[in-house]
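To start, the structure under review is shown below, and the notes come after it.
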Amino acid sequence: VRIAETIAQVREILLPERRAGRRIGLVPTMGALHEGHYSLIKKCRTECPVVAVSIFVNPLQFGPNEDLDAYPRPIEEDLAGCEEQGVDLVFRPQVAAVYGDSILTTVQVRELSEPLCGEHRPGHFDAVATIVAKLFNIVQPDAAYFGEKDYQQLVVVRRMVADLSLPVQIVPCPIVRELDGLAMSSRNRYLSDEERQQAPAIFAALRAGAEVIARGERDARAVIVRMAERIRAGGATRIEYVSIVDPRTLADVAEIAGPVRLCVAAYFGSTRLIDNLGVDAGGSEH
Ligand code: PAF
């Protein structure tokens with residue numbers, strides 16, 4: 001695997017690939033790679049002869065009381081993992097290599113950035129959209145791979161690409177789960193043993209929600225109440241939101257009449273976890 005720390009190095013490494021017409025795929029990450037990330041890399045590998053992974057803990061997408069300093073940065077492990085996966089290029093810049101002294105320009109995807117996590121993490125999706133736009137401009141990938149675990153992020157990025165006519169294909173990839181249903185996340189490593197035992201309650205709640213819909217419940221409120229009960233019973237310290245939204249607009253749905261996305265953010269101890277599940281009007285999961 002080749003490693004680039006500057007924008008110039010990325011461009012130099014990728015220029016011959018681009019000239020040769022080889023399809024370049026990008027997997028943007030903040031490192032602390034796990035099987036979820038590796039599933040994106042594997043999918044990218046099957047579609048692109050050139051696989052680039054970015055590892056950058058983007059400070060601008062963390063709020064003032066969030067876990068920027070604590071965020072895991074096991075770079076040697078990550079590089080070994082990329083090597084093992086046959087990644088061609090890892091872009092692992094320092095903050096200054098990306099932002100210089102400061103950045104005055106931001107990309108904002110209005111409306112889609114506002115509900116769900118956006119309501120509780122002001123400015124988060126502006127920072128995500130901005131760094132992703134920058135990464136697209138730096139790497140100029142033909143395709144980029146995003147996990148559905150961060151469903152709102154995927155919707156925001158897809159809309160940014162459409163609105164700005166960016167020449168990149170966004171490839172969504174399914175959530176990878178532990179055997180007990182917990183969605184893989186770099187933040188799972190913050191969980192104590194007890195919290196780790198409790199955290200699958202989120203997925204259990206999502207499935208419970210799907211089951212209630214499958215049994216014919218159409219009132220989103222009633223489904224949300226059932227899901228919240230399940231998460232509370234599972235030992236969550238705090239529920240940030242349980243929402244049922246339109247999968248495209250992310251607007252709250254009152255009556256379940258078509259496909260919806262069940263979305264949850266909850267704390268176990270001081271660790272904030274998110275998860276989601278796509279469900280059609282008949283309650284089938286997708
Ligand atoms: O999903 C992430 O890890 C980050 O939000 C991303 C897309 C790499 C942007 O910093």
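Naming scheme: A, B, ... for chains in displayed order of the structure tokens; residues 1 onward per chain; ligands 1 onward as shown.
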
(message) List the spatial neighbours of segment 83-92 of chain A as a ChimeraX atom specification - criterion: any atom at most 7 Å away, only C-alpha atoms, same-chain residues fewer than 6 positions off excluded.
(response) /A:1-5,10,50-56

For the residues in that selection, give me N, CA, C and O atoms as a PDB file, in the first residue's frame.
ATOM      1  N   VAL A   1       0.851  -1.182   0.000  1.00  0.00           N
ATOM      2  CA  VAL A   1       0.000   0.000   0.000  1.00  0.00           C
ATOM      3  C   VAL A   1       0.891   1.237   0.000  1.00  0.00           C
ATOM      4  O   VAL A   1       1.874   1.298   0.725  1.00  0.00           O
ATOM      5  N   ARG A   2       0.533   2.226  -0.830  1.00  0.00           N
ATOM      6  CA  ARG A   2       1.290   3.485  -0.824  1.00  0.00           C
ATOM      7  C   ARG A   2       0.595   4.466   0.105  1.00  0.00           C
ATOM      8  O   ARG A   2      -0.633   4.454   0.219  1.00  0.00           O
ATOM      9  N   ILE A   3       1.404   5.259   0.761  1.00  0.00           N
ATOM     10  CA  ILE A   3       0.829   6.171   1.754  1.00  0.00           C
ATOM     11  C   ILE A   3       1.113   7.604   1.345  1.00  0.00           C
ATOM     12  O   ILE A   3       2.254   7.952   1.032  1.00  0.00           O
ATOM     13  N   ALA A   4       0.086   8.418   1.316  1.00  0.00           N
ATOM     14  CA  ALA A   4       0.242   9.842   0.985  1.00  0.00           C
ATOM     15  C   ALA A   4      -0.181  10.668   2.187  1.00  0.00           C
ATOM     16  O   ALA A   4      -1.181  10.357   2.842  1.00  0.00           O
ATOM     17  N   GLU A   5       0.589  11.695   2.460  1.00  0.00           N
ATOM     18  CA  GLU A   5       0.234  12.590   3.570  1.00  0.00           C
ATOM     19  C   GLU A   5      -0.142  13.977   3.082  1.00  0.00           C
ATOM     20  O   GLU A   5      -0.621  14.801   3.862  1.00  0.00           O
ATOM     21  N   VAL A  10      -1.040  12.615  -3.219  1.00  0.00           N
ATOM     22  CA  VAL A  10      -2.200  11.851  -3.724  1.00  0.00           C
ATOM     23  C   VAL A  10      -2.306  12.053  -5.237  1.00  0.00           C
ATOM     24  O   VAL A  10      -2.466  11.101  -6.009  1.00  0.00           O
ATOM     25  N   VAL A  50      -8.383   0.442  -8.723  1.00  0.00           N
ATOM     26  CA  VAL A  50      -7.573   1.280  -7.829  1.00  0.00           C
ATOM     27  C   VAL A  50      -8.429   1.642  -6.611  1.00  0.00           C
ATOM     28  O   VAL A  50      -9.482   2.282  -6.741  1.00  0.00           O
ATOM     29  N   VAL A  51      -7.946   1.200  -5.433  1.00  0.00           N
ATOM     30  CA  VAL A  51      -8.694   1.428  -4.196  1.00  0.00           C
ATOM     31  C   VAL A  51      -7.925   2.413  -3.315  1.00  0.00           C
ATOM     32  O   VAL A  51      -6.783   2.151  -2.931  1.00  0.00           O
ATOM     33  N   ALA A  52      -8.561   3.547  -3.046  1.00  0.00           N
ATOM     34  CA  ALA A  52      -7.961   4.545  -2.155  1.00  0.00           C
ATOM     35  C   ALA A  52      -8.796   4.616  -0.877  1.00  0.00           C
ATOM     36  O   ALA A  52     -10.026   4.578  -0.926  1.00  0.00           O
ATOM     37  N   VAL A  53      -8.103   4.691   0.263  1.00  0.00           N
ATOM     38  CA  VAL A  53      -8.777   4.835   1.567  1.00  0.00           C
ATOM     39  C   VAL A  53      -8.240   6.113   2.197  1.00  0.00           C
ATOM     40  O   VAL A  53      -7.016   6.311   2.234  1.00  0.00           O
ATOM     41  N   SER A  54      -9.133   6.977   2.676  1.00  0.00           N
ATOM     42  CA  SER A  54      -8.647   8.128   3.434  1.00  0.00           C
ATOM     43  C   SER A  54      -8.874   7.863   4.915  1.00  0.00           C
ATOM     44  O   SER A  54      -9.900   7.283   5.308  1.00  0.00           O
ATOM     45  N   ILE A  55      -7.883   8.232   5.704  1.00  0.00           N
ATOM     46  CA  ILE A  55      -7.963   8.095   7.168  1.00  0.00           C
ATOM     47  C   ILE A  55      -7.713   9.482   7.725  1.00  0.00           C
ATOM     48  O   ILE A  55      -6.577   9.971   7.710  1.00  0.00           O
ATOM     49  N   PHE A  56      -8.783  10.131   8.154  1.00  0.00           N
ATOM     50  CA  PHE A  56      -8.656  11.509   8.623  1.00  0.00           C
ATOM     51  C   PHE A  56      -9.734  11.773   9.655  1.00  0.00           C
ATOM     52  O   PHE A  56     -10.931  11.735   9.327  1.00  0.00           O
TER      53      PHE A  56
END

Who sits within 8 Å of segment 261-267 of chain A, only C-alpha atoms, same chain under 6 positions skipped, as a PDB file with N, CA, C and O atoms, in the first residue's frame:
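Wrote selection_27.pdb, looks like this:
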ATOM      1  N   LEU A 116     -32.838  14.497  12.918  1.00  0.00           N
ATOM      2  CA  LEU A 116     -32.076  13.347  13.431  1.00  0.00           C
ATOM      3  C   LEU A 116     -30.777  13.802  14.095  1.00  0.00           C
ATOM      4  O   LEU A 116     -30.792  14.648  14.983  1.00  0.00           O
ATOM      5  N   CYS A 117     -29.640  13.274  13.648  1.00  0.00           N
ATOM      6  CA  CYS A 117     -28.356  13.650  14.281  1.00  0.00           C
ATOM      7  C   CYS A 117     -28.086  15.142  14.125  1.00  0.00           C
ATOM      8  O   CYS A 117     -27.445  15.758  14.980  1.00  0.00           O
ATOM      9  N   ILE A 202     -30.382  -1.747  20.892  1.00  0.00           N
ATOM     10  CA  ILE A 202     -30.765  -0.822  19.812  1.00  0.00           C
ATOM     11  C   ILE A 202     -31.274  -1.609  18.607  1.00  0.00           C
ATOM     12  O   ILE A 202     -32.354  -1.324  18.070  1.00  0.00           O
ATOM     13  N   LEU A 206     -35.007  -1.899  16.863  1.00  0.00           N
ATOM     14  CA  LEU A 206     -35.293  -1.681  15.436  1.00  0.00           C
ATOM     15  C   LEU A 206     -36.116  -2.856  14.888  1.00  0.00           C
ATOM     16  O   LEU A 206     -37.095  -2.675  14.160  1.00  0.00           O
ATOM     17  N   GLY A 209     -39.579  -2.777  16.146  1.00  0.00           N
ATOM     18  CA  GLY A 209     -40.340  -1.790  15.374  1.00  0.00           C
ATOM     19  C   GLY A 209     -40.815  -2.398  14.058  1.00  0.00           C
ATOM     20  O   GLY A 209     -41.987  -2.250  13.669  1.00  0.00           O
ATOM     21  N   ALA A 236     -30.281   1.491  28.228  1.00  0.00           N
ATOM     22  CA  ALA A 236     -29.708   2.745  27.697  1.00  0.00           C
ATOM     23  C   ALA A 236     -29.717   3.812  28.792  1.00  0.00           C
ATOM     24  O   ALA A 236     -30.662   3.911  29.571  1.00  0.00           O
ATOM     25  N   THR A 237     -28.657   4.599  28.826  1.00  0.00           N
ATOM     26  CA  THR A 237     -28.574   5.689  29.790  1.00  0.00           C
ATOM     27  C   THR A 237     -29.506   6.828  29.353  1.00  0.00           C
ATOM     28  O   THR A 237     -30.084   7.519  30.180  1.00  0.00           O
ATOM     29  N   ARG A 238     -29.571   7.010  28.047  1.00  0.00           N
ATOM     30  CA  ARG A 238     -30.361   8.129  27.520  1.00  0.00           C
ATOM     31  C   ARG A 238     -30.711   7.843  26.057  1.00  0.00           C
ATOM     32  O   ARG A 238     -29.859   7.334  25.316  1.00  0.00           O
ATOM     33  N   ILE A 239     -31.942   8.156  25.701  1.00  0.00           N
ATOM     34  CA  ILE A 239     -32.320   8.041  24.281  1.00  0.00           C
ATOM     35  C   ILE A 239     -32.276   9.446  23.690  1.00  0.00           C
ATOM     36  O   ILE A 239     -32.901  10.357  24.223  1.00  0.00           O
ATOM     37  N   GLU A 240     -31.513   9.615  22.629  1.00  0.00           N
ATOM     38  CA  GLU A 240     -31.459  10.939  21.999  1.00  0.00           C
ATOM     39  C   GLU A 240     -32.646  11.100  21.047  1.00  0.00           C
ATOM     40  O   GLU A 240     -33.336  12.092  21.072  1.00  0.00           O
ATOM     41  N   TYR A 241     -32.837  10.119  20.194  1.00  0.00           N
ATOM     42  CA  TYR A 241     -34.056  10.119  19.365  1.00  0.00           C
ATOM     43  C   TYR A 241     -34.396   8.702  18.914  1.00  0.00           C
ATOM     44  O   TYR A 241     -33.511   7.853  18.786  1.00  0.00           O
ATOM     45  N   VAL A 242     -35.683   8.507  18.715  1.00  0.00           N
ATOM     46  CA  VAL A 242     -36.178   7.335  17.986  1.00  0.00           C
ATOM     47  C   VAL A 242     -37.111   7.947  16.956  1.00  0.00           C
ATOM     48  O   VAL A 242     -38.083   8.610  17.324  1.00  0.00           O
ATOM     49  N   SER A 243     -36.802   7.778  15.681  1.00  0.00           N
ATOM     50  CA  SER A 243     -37.587   8.449  14.638  1.00  0.00           C
ATOM     51  C   SER A 243     -37.926   7.479  13.512  1.00  0.00           C
ATOM     52  O   SER A 243     -37.161   6.546  13.230  1.00  0.00           O
ATOM     53  N   ILE A 244     -39.046   7.748  12.900  1.00  0.00           N
ATOM     54  CA  ILE A 244     -39.425   7.003  11.688  1.00  0.00           C
ATOM     55  C   ILE A 244     -39.548   8.035  10.582  1.00  0.00           C
ATOM     56  O   ILE A 244     -40.361   8.962  10.674  1.00  0.00           O
ATOM     57  N   VAL A 245     -38.682   7.900   9.581  1.00  0.00           N
ATOM     58  CA  VAL A 245     -38.580   8.965   8.580  1.00  0.00           C
ATOM     59  C   VAL A 245     -38.736   8.428   7.162  1.00  0.00           C
ATOM     60  O   VAL A 245     -38.537   7.233   6.905  1.00  0.00           O
ATOM     61  N   ASP A 246     -39.056   9.347   6.278  1.00  0.00           N
ATOM     62  CA  ASP A 246     -39.056   9.042   4.849  1.00  0.00           C
ATOM     63  C   ASP A 246     -37.599   8.796   4.437  1.00  0.00           C
ATOM     64  O   ASP A 246     -36.730   9.618   4.748  1.00  0.00           O
ATOM     65  N   PRO A 247     -37.303   7.668   3.773  1.00  0.00           N
ATOM     66  CA  PRO A 247     -35.900   7.332   3.486  1.00  0.00           C
ATOM     67  C   PRO A 247     -35.187   8.327   2.562  1.00  0.00           C
ATOM     68  O   PRO A 247     -33.965   8.387   2.544  1.00  0.00           O
ATOM     69  N   LEU A 273     -24.448   5.893  20.484  1.00  0.00           N
ATOM     70  CA  LEU A 273     -24.488   4.948  19.365  1.00  0.00           C
ATOM     71  C   LEU A 273     -25.676   5.281  18.466  1.00  0.00           C
ATOM     72  O   LEU A 273     -26.722   5.722  18.950  1.00  0.00           O
ATOM     73  N   ILE A 274     -25.495   5.070  17.160  1.00  0.00           N
ATOM     74  CA  ILE A 274     -26.625   5.247  16.239  1.00  0.00           C
ATOM     75  C   ILE A 274     -26.807   3.970  15.430  1.00  0.00           C
ATOM     76  O   ILE A 274     -25.861   3.176  15.264  1.00  0.00           O
ATOM     77  N   ASP A 275     -28.030   3.784  14.955  1.00  0.00           N
ATOM     78  CA  ASP A 275     -28.320   2.618  14.117  1.00  0.00           C
ATOM     79  C   ASP A 275     -29.610   2.923  13.354  1.00  0.00           C
ATOM     80  O   ASP A 275     -30.335   3.876  13.684  1.00  0.00           O
ATOM     81  N   ASN A 276     -29.899   2.135  12.347  1.00  0.00           N
ATOM     82  CA  ASN A 276     -31.127   2.346  11.588  1.00  0.00           C
ATOM     83  C   ASN A 276     -31.482   1.096  10.815  1.00  0.00           C
ATOM     84  O   ASN A 276     -30.642   0.193  10.659  1.00  0.00           O
ATOM     85  N   LEU A 277     -32.722   1.058  10.372  1.00  0.00           N
ATOM     86  CA  LEU A 277     -33.210  -0.105   9.625  1.00  0.00           C
ATOM     87  C   LEU A 277     -34.235   0.370   8.600  1.00  0.00           C
ATOM     88  O   LEU A 277     -35.134   1.145   8.942  1.00  0.00           O
ATOM     89  N   GLY A 278     -34.087  -0.092   7.379  1.00  0.00           N
ATOM     90  CA  GLY A 278     -35.080   0.204   6.346  1.00  0.00           C
ATOM     91  C   GLY A 278     -36.206  -0.824   6.430  1.00  0.00           C
ATOM     92  O   GLY A 278     -35.938  -2.020   6.555  1.00  0.00           O
ATOM     93  N   VAL A 279     -37.432  -0.333   6.386  1.00  0.00           N
ATOM     94  CA  VAL A 279     -38.593  -1.240   6.493  1.00  0.00           C
ATOM     95  C   VAL A 279     -39.620  -0.806   5.459  1.00  0.00           C
ATOM     96  O   VAL A 279     -39.851   0.402   5.285  1.00  0.00           O
TER      97      VAL A 279
END

(request) Take atom 7 (C, counted along the ligand's line) of ligand 1 and atom CA of Ile13 of chain A and report the distance between them in Å, one decimal. (result)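 Between these atoms lies a distance of 21.9 Å.
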
(request) From the DSSP assignment of the backbone, select every residue of segment 38-173 of chain A that is alpha helix (DSSP H), and format the answer as an MDAnalysis selection string. (result) chainID A and resid 38:47 75:84 95:99 117:120 124:139 151:163

Those same residues - C-alpha atoms - I'd like them written as a PDB file, in the first residue's frame.
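As a result, part.pdb now contains:
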ATOM      1  CA  TYR A  38     -13.437  -3.587   5.459  1.00  0.00           C
ATOM      2  CA  SER A  39     -16.762  -4.461   3.833  1.00  0.00           C
ATOM      3  CA  LEU A  40     -16.657  -1.078   2.042  1.00  0.00           C
ATOM      4  CA  ILE A  41     -13.078  -1.707   0.947  1.00  0.00           C
ATOM      5  CA  LYS A  42     -13.990  -5.197  -0.316  1.00  0.00           C
ATOM      6  CA  LYS A  43     -16.955  -3.858  -2.274  1.00  0.00           C
ATOM      7  CA  CYS A  44     -14.735  -1.121  -3.726  1.00  0.00           C
ATOM      8  CA  ARG A  45     -12.120  -3.735  -4.656  1.00  0.00           C
ATOM      9  CA  THR A  46     -14.687  -5.712  -6.692  1.00  0.00           C
ATOM     10  CA  GLU A  47     -15.636  -2.604  -8.704  1.00  0.00           C
ATOM     11  CA  ILE A  75      -2.857   4.046  12.729  1.00  0.00           C
ATOM     12  CA  GLU A  76      -0.420   1.092  12.603  1.00  0.00           C
ATOM     13  CA  GLU A  77      -3.291  -1.384  12.918  1.00  0.00           C
ATOM     14  CA  ASP A  78      -5.251   0.511  10.254  1.00  0.00           C
ATOM     15  CA  LEU A  79      -2.330   0.523   7.826  1.00  0.00           C
ATOM     16  CA  ALA A  80      -1.770  -3.210   8.374  1.00  0.00           C
ATOM     17  CA  GLY A  81      -5.476  -3.795   7.724  1.00  0.00           C
ATOM     18  CA  CYS A  82      -5.332  -1.765   4.508  1.00  0.00           C
ATOM     19  CA  GLU A  83      -2.256  -3.687   3.397  1.00  0.00           C
ATOM     20  CA  GLU A  84      -4.030  -6.965   4.051  1.00  0.00           C
ATOM     21  CA  VAL A  95      -5.107  18.567   9.849  1.00  0.00           C
ATOM     22  CA  ALA A  96      -2.930  21.361   8.387  1.00  0.00           C
ATOM     23  CA  ALA A  97      -2.434  19.444   5.131  1.00  0.00           C
ATOM     24  CA  VAL A  98      -6.193  19.484   4.636  1.00  0.00           C
ATOM     25  CA  TYR A  99      -7.246  22.848   6.019  1.00  0.00           C
ATOM     26  CA  CYS A 117     -28.356  13.650  14.281  1.00  0.00           C
ATOM     27  CA  GLY A 118     -28.301  17.142  12.762  1.00  0.00           C
ATOM     28  CA  GLU A 119     -30.633  18.412  15.461  1.00  0.00           C
ATOM     29  CA  HIS A 120     -28.304  17.183  18.205  1.00  0.00           C
ATOM     30  CA  HIS A 124     -21.921  18.289  11.960  1.00  0.00           C
ATOM     31  CA  PHE A 125     -23.253  17.598   8.482  1.00  0.00           C
ATOM     32  CA  ASP A 126     -21.902  20.869   7.076  1.00  0.00           C
ATOM     33  CA  ALA A 127     -18.479  19.703   8.225  1.00  0.00           C
ATOM     34  CA  VAL A 128     -19.045  16.229   6.806  1.00  0.00           C
ATOM     35  CA  ALA A 129     -20.259  17.573   3.453  1.00  0.00           C
ATOM     36  CA  THR A 130     -17.298  19.950   3.299  1.00  0.00           C
ATOM     37  CA  ILE A 131     -14.639  17.343   4.031  1.00  0.00           C
ATOM     38  CA  VAL A 132     -16.245  14.817   1.693  1.00  0.00           C
ATOM     39  CA  ALA A 133     -16.355  17.439  -1.095  1.00  0.00           C
ATOM     40  CA  LYS A 134     -12.690  18.182  -0.410  1.00  0.00           C
ATOM     41  CA  LEU A 135     -11.777  14.493  -0.454  1.00  0.00           C
ATOM     42  CA  PHE A 136     -13.642  14.085  -3.752  1.00  0.00           C
ATOM     43  CA  ASN A 137     -11.674  16.999  -5.198  1.00  0.00           C
ATOM     44  CA  ILE A 138      -8.367  15.682  -3.875  1.00  0.00           C
ATOM     45  CA  VAL A 139      -8.780  12.035  -4.920  1.00  0.00           C
ATOM     46  CA  TYR A 151     -27.674   6.723   6.968  1.00  0.00           C
ATOM     47  CA  GLN A 152     -28.198  10.480   7.227  1.00  0.00           C
ATOM     48  CA  GLN A 153     -24.602  11.055   6.123  1.00  0.00           C
ATOM     49  CA  LEU A 154     -25.214   8.862   3.076  1.00  0.00           C
ATOM     50  CA  VAL A 155     -28.380  10.802   2.170  1.00  0.00           C
ATOM     51  CA  VAL A 156     -26.614  14.150   2.666  1.00  0.00           C
ATOM     52  CA  VAL A 157     -23.606  13.131   0.556  1.00  0.00           C
ATOM     53  CA  ARG A 158     -25.796  11.718  -2.195  1.00  0.00           C
ATOM     54  CA  ARG A 159     -27.742  14.975  -2.371  1.00  0.00           C
ATOM     55  CA  MET A 160     -24.560  17.082  -2.377  1.00  0.00           C
ATOM     56  CA  VAL A 161     -23.229  15.052  -5.302  1.00  0.00           C
ATOM     57  CA  ALA A 162     -26.496  15.471  -7.216  1.00  0.00           C
ATOM     58  CA  ASP A 163     -26.871  19.186  -6.434  1.00  0.00           C
TER      59      ASP A 163
END

(request) May I ask which of the residues A:Met227, A:Ala251, A:Arg232, A:Glu148 is the closest one to Val176 of chain A, counting only C-alpha atoms? (result) A:Glu148

(message) Using DSSP secondary structure from the backbone, list all strand (DSSP E or B) positions within segment 24-217 of chain A, as an MDAnalysis selection string.
(response) chainID A and resid 24:29 50:55 89:91 143:147 169:173 177 183

(request) Find the residue from A:Asp150, A:Asp193, A:Asp180, A:Glu114 that sits nearest to ligand 1; use only C-alpha atoms and all ligand atoms when measuring. (result)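 Under the stated criterion, the closest residue is A:Asp150.
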
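Nearest residue to Gly63 of chain A among A:Gly123, A:Pro115, A:Gly21, A:Gly31 is A:Gly123, counting only C-alpha atoms.
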
(request) Pick out the closest residue to ligand 1 from this set: A:Ala201, A:Ala214, A:Val57, A:Ile175. Count only C-alpha atoms and all ligand atoms. (result) A:Val57

(message) Measuring between only C-alpha atoms, which one of A:Ala199, A:Ala220, A:Ala281, A:Ala183 shows the shortest distance to Gly36 of chain A?
(response)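 Under the stated criterion, the closest residue is A:Ala183.
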
(request) Kindly give the distance, in Å, that separates atom CA of Leu26 of chain A and atom CA of Pro141 of chain A, rounded to a single decimal. (result)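 If I compute the distance from atom CA of Leu26 of chain A to atom CA of Pro141 of chain A, I get 5.8 Å.
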
(request) Report the distance between atom CA of Gly234 of chain A and atom CA of Gly282 of chain A in Å, rounded to one decimal place. (result) 26.1 Å
